[in-house]
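Trainee: Got a file for you: protein.txt, compact mmCIF, C-alpha atoms (C1' of nucleotides).
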# COMPACT_ATOMS: atom_id res chain seq x y z
CA MET A 27 0.00 0.00 0.00
CA ALA A 28 1.03 3.54 -0.58
CA ASP A 29 1.73 5.72 2.43
CA ALA A 30 -0.31 8.69 3.50
CA GLU A 31 1.59 11.07 1.26
CA GLY A 32 0.88 9.11 -1.90
CA HIS A 33 4.24 7.43 -2.42
CA PRO A 34 4.02 3.92 -3.84
CA GLU A 35 6.22 1.30 -2.25
CA THR A 36 9.16 0.11 -4.28
CA ALA A 37 7.47 -3.11 -5.35
CA GLU A 38 4.39 -1.16 -6.41
CA ILE A 39 6.16 1.09 -8.85
CA GLU A 40 4.76 0.43 -12.31
CA LEU A 41 6.67 0.74 -15.52
CA GLY A 42 3.79 2.32 -17.40
CA GLN A 43 3.40 5.05 -14.84
CA VAL A 44 7.13 5.69 -14.72
CA LEU A 45 7.38 5.93 -18.50
CA SER A 46 4.39 8.27 -18.63
CA ALA A 47 5.94 10.46 -15.98
CA LEU A 48 9.24 10.56 -17.82
CA SER A 49 7.70 11.28 -21.20
CA ASP A 50 7.14 14.89 -20.20
CA PRO A 51 10.19 17.07 -20.90
CA LEU A 52 9.74 19.21 -17.78
CA ARG A 53 9.54 16.21 -15.49
CA ARG A 54 12.48 14.62 -17.27
CA GLN A 55 14.42 17.80 -16.64
CA VAL A 56 13.70 17.56 -12.92
CA ILE A 57 14.95 13.98 -12.76
CA HIS A 58 17.92 14.92 -14.92
CA GLU A 59 18.90 17.67 -12.50
CA LEU A 60 18.50 15.44 -9.48
CA LEU A 61 20.66 12.79 -11.13
CA HIS A 62 23.42 15.29 -11.67
CA SER A 63 23.31 16.61 -8.11
CA GLU A 64 24.85 14.93 -5.11
CA PRO A 65 22.91 11.80 -4.18
CA GLY A 66 20.22 12.26 -1.59
CA ILE A 67 20.05 15.99 -2.02
CA GLU A 68 16.80 17.62 -1.00
CA ARG A 69 15.39 20.46 -3.01
CA THR A 70 12.26 22.55 -3.21
CA CYS A 71 9.91 22.30 -6.17
CA THR A 72 10.59 25.94 -6.93
CA SER A 73 14.36 25.51 -7.11
CA PHE A 74 14.17 23.74 -10.45
CA GLY A 75 13.04 26.91 -12.18
CA LEU A 76 10.39 25.24 -14.28
CA PRO A 77 8.80 27.76 -16.67
CA VAL A 78 5.29 27.17 -15.35
CA THR A 79 3.09 28.52 -12.58
CA LYS A 80 2.95 27.20 -9.04
CA SER A 81 -0.14 25.09 -9.59
CA THR A 82 1.27 23.46 -12.69
CA ARG A 83 4.45 22.78 -10.76
CA THR A 84 2.42 21.04 -8.07
CA HIS A 85 0.80 18.93 -10.77
CA HIS A 86 4.13 17.77 -12.20
CA PHE A 87 5.59 16.89 -8.84
CA ARG A 88 2.49 14.93 -7.96
CA VAL A 89 2.90 12.89 -11.13
CA LEU A 90 6.53 12.23 -10.26
CA ARG A 91 5.63 11.32 -6.70
CA GLU A 92 2.75 9.02 -7.61
CA ALA A 93 4.89 7.29 -10.21
CA GLY A 94 7.43 6.61 -7.47
CA LEU A 95 10.25 8.66 -8.92
CA VAL A 96 10.60 11.22 -6.14
CA ARG A 97 9.82 11.45 -2.47
CA GLN A 98 8.38 14.56 -0.90
CA VAL A 99 8.85 15.14 2.80
CA ASP A 100 7.23 17.86 4.84
CA ARG A 101 9.72 20.40 6.10
CA GLY A 102 7.24 22.78 7.60
CA ASN A 103 7.41 25.68 5.26
CA MET A 104 8.53 23.71 2.25
CA ARG A 105 8.45 20.14 0.94
CA GLY A 106 11.80 18.52 0.34
CA VAL A 107 12.04 16.71 -2.98
CA THR A 108 14.43 13.78 -3.19
CA LEU A 109 15.06 11.30 -5.97
CA ARG A 110 14.21 7.66 -5.16
CA ARG A 111 17.45 6.58 -6.75
CA GLU A 112 17.91 3.16 -5.13
CA ASP A 113 14.24 2.25 -5.39
CA ILE A 114 14.11 2.94 -9.10
CA GLU A 115 17.45 1.27 -9.67
CA GLU A 116 16.22 -1.82 -7.87
CA ARG A 117 12.96 -1.90 -9.75
CA PHE A 118 14.15 -0.84 -13.21
CA PRO A 119 17.93 -1.11 -13.33
CA GLY A 120 19.57 1.17 -15.84
CA LEU A 121 16.56 3.38 -16.41
CA LEU A 122 17.94 6.37 -14.57
CA ASP A 123 21.21 6.11 -16.49
CA LEU A 124 19.28 6.71 -19.68
CA ILE A 125 17.77 9.88 -18.29
CA ALA A 126 21.11 10.98 -16.87
CA GLN A 127 22.88 10.57 -20.18
CA ASP A 128 20.17 12.14 -22.30
CA GLY A 129 20.76 15.50 -23.91
CA VAL A 130 24.50 15.37 -23.34
CA MET B 11 17.04 12.60 -42.10
CA ALA B 12 14.27 10.09 -41.91
CA ASP B 13 13.68 7.86 -44.91
CA ALA B 14 10.63 7.88 -47.13
CA GLU B 15 8.71 5.53 -44.89
CA GLY B 16 9.07 7.70 -41.83
CA HIS B 17 11.74 5.81 -39.95
CA PRO B 18 14.16 8.01 -38.02
CA GLU B 19 17.83 7.16 -38.28
CA THR B 20 19.43 5.66 -35.21
CA ALA B 21 21.09 8.91 -34.17
CA GLU B 22 17.80 10.74 -34.54
CA ILE B 23 15.86 8.57 -32.13
CA GLU B 24 14.73 10.77 -29.26
CA LEU B 25 14.25 9.62 -25.71
CA GLY B 26 11.09 11.63 -25.20
CA GLN B 27 9.42 10.12 -28.23
CA VAL B 28 10.52 6.61 -27.25
CA LEU B 29 9.19 7.00 -23.72
CA SER B 30 5.90 8.39 -25.00
CA ALA B 31 5.56 5.49 -27.39
CA LEU B 32 6.29 3.00 -24.64
CA SER B 33 3.95 4.60 -22.13
CA ASP B 34 0.96 3.08 -23.90
CA PRO B 35 0.20 -0.46 -22.70
CA LEU B 36 -0.80 -1.75 -26.14
CA ARG B 37 2.38 -0.53 -27.75
CA ARG B 38 4.42 -1.87 -24.86
CA GLN B 39 2.75 -5.21 -25.40
CA VAL B 40 3.85 -5.21 -29.05
CA ILE B 41 7.47 -4.50 -28.13
CA HIS B 42 7.25 -7.06 -25.34
CA GLU B 43 6.11 -9.75 -27.78
CA LEU B 44 8.79 -8.87 -30.30
CA LEU B 45 11.42 -9.05 -27.57
CA HIS B 46 10.31 -12.54 -26.64
CA SER B 47 10.28 -13.79 -30.23
CA GLU B 48 13.35 -14.85 -32.19
CA PRO B 49 15.45 -11.79 -33.09
CA GLY B 50 14.75 -10.26 -36.48
CA ILE B 51 11.37 -11.89 -36.80
CA GLU B 52 8.95 -10.17 -39.11
CA ARG B 53 5.29 -10.01 -38.22
CA THR B 54 2.11 -8.37 -39.45
CA CYS B 55 0.37 -5.70 -37.42
CA THR B 56 -2.66 -7.94 -37.18
CA SER B 57 -0.74 -10.87 -35.73
CA PHE B 58 -0.39 -9.17 -32.36
CA GLY B 59 -4.10 -9.48 -31.73
CA LEU B 60 -4.52 -6.00 -30.31
CA PRO B 61 -8.09 -5.45 -29.10
CA VAL B 62 -8.68 -2.43 -31.34
CA THR B 63 -9.86 -1.79 -34.86
CA LYS B 64 -7.64 -1.69 -37.93
CA SER B 65 -7.36 2.06 -38.03
CA THR B 66 -6.37 2.30 -34.39
CA ARG B 67 -3.82 -0.41 -35.02
CA THR B 68 -2.35 1.63 -37.86
CA HIS B 69 -2.15 4.57 -35.47
CA HIS B 70 -0.18 2.63 -32.85
CA PHE B 71 2.27 1.20 -35.34
CA ARG B 72 2.86 4.62 -36.78
CA VAL B 73 3.76 5.90 -33.32
CA LEU B 74 6.15 2.99 -32.83
CA ARG B 75 7.67 3.52 -36.26
CA GLU B 76 8.10 7.27 -35.90
CA ALA B 77 9.64 6.83 -32.48
CA GLY B 78 12.19 4.50 -34.06
CA LEU B 79 11.19 1.38 -32.20
CA VAL B 80 10.06 -0.74 -35.14
CA ARG B 81 10.71 -0.90 -38.84
CA GLN B 82 7.96 -1.54 -41.36
CA VAL B 83 8.83 -2.94 -44.76
CA ASP B 84 6.47 -3.32 -47.67
CA ARG B 85 5.78 -6.94 -48.52
CA GLY B 86 3.19 -6.32 -51.14
CA ASN B 87 0.09 -7.49 -49.49
CA MET B 88 1.27 -6.86 -45.95
CA ARG B 89 3.82 -4.76 -44.08
CA GLY B 90 6.45 -6.63 -42.13
CA VAL B 91 7.03 -5.29 -38.65
CA THR B 92 10.46 -5.82 -37.12
CA LEU B 93 11.94 -4.57 -33.89
CA ARG B 94 14.93 -2.22 -34.21
CA ARG B 95 16.70 -4.10 -31.49
CA GLU B 96 20.30 -3.09 -32.20
CA ASP B 97 19.43 0.52 -32.95
CA ILE B 98 17.60 0.99 -29.68
CA GLU B 99 20.25 -0.87 -27.78
CA GLU B 100 22.92 1.36 -29.26
CA ARG B 101 21.02 4.53 -28.54
CA PHE B 102 19.50 3.64 -25.16
CA PRO B 103 21.31 0.60 -23.76
CA GLY B 104 19.26 -1.43 -21.34
CA LEU B 105 15.94 0.12 -22.20
CA LEU B 106 14.58 -2.90 -24.03
CA ASP B 107 15.59 -5.17 -21.15
CA LEU B 108 13.23 -3.20 -18.92
CA ILE B 109 10.35 -3.80 -21.30
CA ALA B 110 11.30 -7.43 -21.76
CA GLN B 111 11.33 -8.08 -18.04
CA ASP B 112 8.18 -6.17 -17.25
CA GLY B 113 5.06 -8.03 -16.19
CA VAL B 114 6.95 -11.23 -15.50
C1' DA C 5 1.25 40.79 14.30
C1' DC C 6 1.83 40.18 9.73
C1' DG C 7 3.73 39.98 5.13
C1' DA C 8 6.22 36.97 2.04
C1' DA C 9 7.39 32.42 0.37
C1' DG C 10 6.47 27.48 -0.63
C1' DG C 11 2.70 24.53 -1.63
C1' DT C 12 -1.98 22.67 -2.31
C1' DA C 13 -6.87 22.49 -4.11
C1' DC C 14 -10.26 23.54 -7.32
C1' DG C 15 -12.27 24.93 -11.63
C1' DA C 16 -11.74 26.08 -16.32
C1' DG C 17 -9.70 26.05 -21.00
C1' DC C 18 -7.12 23.99 -24.74
C1' DT C 19 -4.56 20.45 -26.99
C1' DA C 20 -3.04 15.85 -27.61
C1' DT C 21 -4.21 11.28 -27.78
C1' DG C 22 -6.80 7.02 -28.41
C1' DA C 23 -10.71 5.13 -30.27
C1' DC C 24 -14.09 4.35 -33.93
C1' DG C 25 -16.45 3.79 -38.77
C1' DA C 26 -16.40 4.29 -43.64
C1' DA C 27 -14.07 4.54 -47.87
C1' DC C 28 -10.23 3.15 -50.26
C1' DC C 29 -5.87 0.73 -52.10
C1' DT C 30 -3.14 -3.46 -53.23
C1' DA C 31 -1.95 -8.12 -53.64
C1' DT C 32 -3.00 -12.94 -52.95
C1' DG C 33 -5.62 -16.93 -53.94
C1' DA C 34 -9.69 -19.42 -55.23
C1' DT D 22 -12.47 -12.36 -62.35
C1' DC D 23 -13.33 -11.21 -58.00
C1' DA D 24 -13.78 -11.75 -53.10
C1' DT D 25 -10.85 -11.50 -49.14
C1' DA D 26 -7.20 -9.93 -46.12
C1' DG D 27 -3.78 -6.52 -44.56
C1' DG D 28 -3.18 -1.55 -44.27
C1' DT D 29 -3.94 3.40 -44.87
C1' DT D 30 -6.48 7.74 -44.74
C1' DC D 31 -9.93 10.82 -43.23
C1' DG D 32 -13.32 12.70 -40.23
C1' DT D 33 -15.28 12.54 -35.73
C1' DC D 34 -15.76 11.90 -30.93
C1' DA D 35 -14.44 11.47 -25.97
C1' DT D 36 -11.12 11.44 -22.64
C1' DA D 37 -6.66 12.48 -20.62
C1' DG D 38 -3.11 15.76 -19.89
C1' DC D 39 -0.90 20.40 -19.41
C1' DT D 40 -1.82 24.90 -18.40
C1' DC D 41 -3.54 28.77 -15.91
C1' DG D 42 -5.85 31.89 -12.23
C1' DT D 43 -7.80 32.28 -7.82
C1' DA D 44 -8.25 31.13 -3.22
C1' DC D 45 -6.33 29.11 0.59
C1' DC D 46 -3.03 27.00 4.18
C1' DT D 47 1.35 26.96 6.73
C1' DT D 48 5.69 28.57 8.33
C1' DC D 49 9.56 31.72 8.53
C1' DG D 50 11.43 36.24 9.38
C1' DT D 51 10.83 40.85 10.47
Please express the file's structure as structure tokens.
Mentor:
Amino acid sequence: MADAEGHPETAEIELGQVLSALSDPLRRQVIHELLHSEPGIERTCTSFGLPVTKSTRTHHFRVLREAGLVRQVDRGNMRGVTLRREDIEERFPGLLDLIAQDGV
Amino acid sequence: MADAEGHPETAEIELGQVLSALSDPLRRQVIHELLHSEPGIERTCTSFGLPVTKSTRTHHFRVLREAGLVRQVDRGNMRGVTLRREDIEERFPGLLDLIAQDGV
DNA sequence: ACGAAGGTACGAGCTATGACGAACCTATGA
DNA sequence: TCATAGGTTCGTCATAGCTCGTACCTTCGT
């Protein structure tokens, strides 16, 4: 079962949902940036500088979260976004490498 | 440049387009079947038994073709569908393994 | 106390996508 | 010759997805 914040467990992560999430260029950019930052880094949604409004931003991060690609933790004022690197690697080995190496 | 039949060259295959193509369950099923058949096998669109009409089938195979995932050659009466296994593997190594191993 | 910043929720609009039927083309085979 | 089978094209429809604005909540810093 997914937890209260809408994160699927590792075993529940579905390929179709992950591929859908990653087919959007903005969301791919987010994952790309996280992959090229230090592992485990926590960022705000805003810090990615997506060229969309706040509400659209929320939408994209929800898609990423529900697909199981990122985790969002409550930090009072903000919500820390972290990449579920190990989970994805365990479930779909090599997938993140493709995103990391794209557009190089 | 793409050839007359709308197949992108290997270097032109774009990750976004590939992920979009693979985010549809029917199209993923096609690739899945091709991956579990003998390499280089040529099949008709109909042979996959997709639960949609002819025109919808044409639509899905066009998406796969334009994304660079399959090749379609004219065989007079029919059009042979083959998986671009090596091309995809060269461009996005490991991607096809994820599809092959999905739903097992 | 209170404004500013990060986020969410909801409703609305527009576009993209998947699905269909009908008409059509081409080759195979009876 | 001519029906049948595999595909394509076109037009249409419905739904899903991305976008926005507005309103709202919460916390941090002044």
Trainee: Every residue with an atom at most 10 Å from (-1.4, 31.0, 3.1) (file coordinates; all atoms listed in the file) is what I'm after, so could you write them as an MDAnalysis selection string?
Mentor: (chainID C and resid 8:12) or (chainID D and resid 44:48)
Trainee: Given the choices C:DA23, C:DC18, C:DA13, C:DA34, which gets closest to Lys64 (chain B) if the distance is worked out from all atoms listed in the file?
Mentor: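 That would be C:DA23, the residue with the smallest distance to Lys64 (chain B).
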Trainee: Pull the neighbourhood of (6.9, 10.2, -7.3) for me: all residues within 10 Å in file coordinates, counting all atoms listed in the file, as a list in words.
Mentor: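 Protein, DNA and RNA residues close to (6.9, 10.2, -7.3): Gly32, His33, Pro34, Ile39, Gln43, Val44, Ala47, His86, Phe87, Arg88, Val89, Leu90, Arg91, Glu92, Ala93, Gly94, Leu95, Val96, Arg97, Gln98, Val107, Thr108, Leu109 and Arg110 of chain A.
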Trainee: May I have the residues within 10 Å of DG42 (chain D) as an MDAnalysis selection string, using only C-alpha atoms (C1' of nucleotides) and disregarding those fewer than 6 positions away in the same chain?
Mentor: (chainID A and resid 79 81) or (chainID C and resid 15:16)
Trainee: Can you measure CA of Thr36 (chain A) to CA of Thr72 (chain A) for me? One decimal in Å is fine.
Mentor: 26.0 Å
Trainee: Can I get the residues of chain A within 12 Å of chain D, each with the closest pair of atoms and their distance in Å to one decimal, using only C-alpha atoms (C1' of nucleotides), sorted chain first then ascending number, as a tab-separated table?
Mentor:
residue	atom	partner	partner_atom	distance
A:Ser46	CA	D:DG38	C1'	10.7
A:Ala47	CA	D:DG38	C1'	11.2
A:Ser49	CA	D:DG38	C1'	11.8
A:Asp50	CA	D:DC39	C1'	9.8
A:Pro51	CA	D:DC39	C1'	11.7
A:Leu52	CA	D:DC39	C1'	10.8
A:Arg53	CA	D:DC39	C1'	11.9
A:Pro77	CA	D:DT40	C1'	11.1
A:Val78	CA	D:DT40	C1'	8.1
A:Thr79	CA	D:DC41	C1'	7.4
A:Lys80	CA	D:DC41	C1'	9.6
A:Ser81	CA	D:DC41	C1'	8.1
A:Thr82	CA	D:DT40	C1'	6.7
A:Arg83	CA	D:DT40	C1'	10.1
A:Thr84	CA	D:DT40	C1'	11.8
A:His85	CA	D:DC39	C1'	8.9
A:His86	CA	D:DC39	C1'	9.2
A:Val89	CA	D:DG38	C1'	11.0
A:Asp100	CA	D:DT47	C1'	11.0
A:Arg101	CA	D:DT48	C1'	9.4
A:Gly102	CA	D:DT48	C1'	6.0
A:Asn103	CA	D:DT48	C1'	4.6
A:Met104	CA	D:DT48	C1'	8.3
A:Arg105	CA	D:DT47	C1'	11.4
Trainee: Compile a residue-level contact table for chain C against chain B at a cut-off of 12 Å, reporting for every qualifying residue the shortest atom pair and its distance in Å to one decimal, with only C-alpha atoms (C1' of nucleotides) counted, rows ordered by chain and ascending number, as CSV.
Mentor:
residue,atom,partner,partner_atom,distance
C:DA20,C1',B:Ser30,CA,11.9
C:DT21,C1',B:His69,CA,10.4
C:DG22,C1',B:Thr66,CA,7.6
C:DA23,C1',B:Thr66,CA,6.6
C:DC24,C1',B:Thr63,CA,7.5
C:DG25,C1',B:Ser65,CA,9.3
C:DA26,C1',B:Ser65,CA,10.9
C:DC29,C1',B:Asn87,CA,10.5
C:DT30,C1',B:Asn87,CA,6.4
C:DA31,C1',B:Asn87,CA,4.7
C:DT32,C1',B:Asn87,CA,7.2
C:DG33,C1',B:Asn87,CA,11.9
Trainee: For the selection you just gave me, I'd like the residues written to a file as a PDB file, in the coordinates of the input, keeping C-alpha atoms (C1' of nucleotides).
Mentor:
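Produced file result-v8.pdb, reproduced below:
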ATOM      1  C1'  DA C  20      -3.040  15.850 -27.610  1.00  0.00           C
ATOM      2  C1'  DT C  21      -4.210  11.280 -27.780  1.00  0.00           C
ATOM      3  C1'  DG C  22      -6.800   7.020 -28.410  1.00  0.00           C
ATOM      4  C1'  DA C  23     -10.710   5.130 -30.270  1.00  0.00           C
ATOM      5  C1'  DC C  24     -14.090   4.350 -33.930  1.00  0.00           C
ATOM      6  C1'  DG C  25     -16.450   3.790 -38.770  1.00  0.00           C
ATOM      7  C1'  DA C  26     -16.400   4.290 -43.640  1.00  0.00           C
ATOM      8  C1'  DC C  29      -5.870   0.730 -52.100  1.00  0.00           C
ATOM      9  C1'  DT C  30      -3.140  -3.460 -53.230  1.00  0.00           C
ATOM     10  C1'  DA C  31      -1.950  -8.120 -53.640  1.00  0.00           C
ATOM     11  C1'  DT C  32      -3.000 -12.940 -52.950  1.00  0.00           C
ATOM     12  C1'  DG C  33      -5.620 -16.930 -53.940  1.00  0.00           C
TER      13       DG C  33
END
Trainee: Please return, as a ChimeraX atom specification, all residues of chain B lying within 7 Å of chain A when only C-alpha atoms are considered.
Mentor: /B:26,29-30,32-33,35,102,104-105,108
Trainee: Just how far from CA of Val56 (chain A) is C1' of DC14 (chain C), in Å to one decimal?
Mentor: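 Separation of C1' of DC14 (chain C) and CA of Val56 (chain A): 25.3 Å.
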Trainee: Suppose you want the space between CA of Ser47 (chain B) and CA of Glu100 (chain B); what is it in Å?
Mentor: 19.8 Å
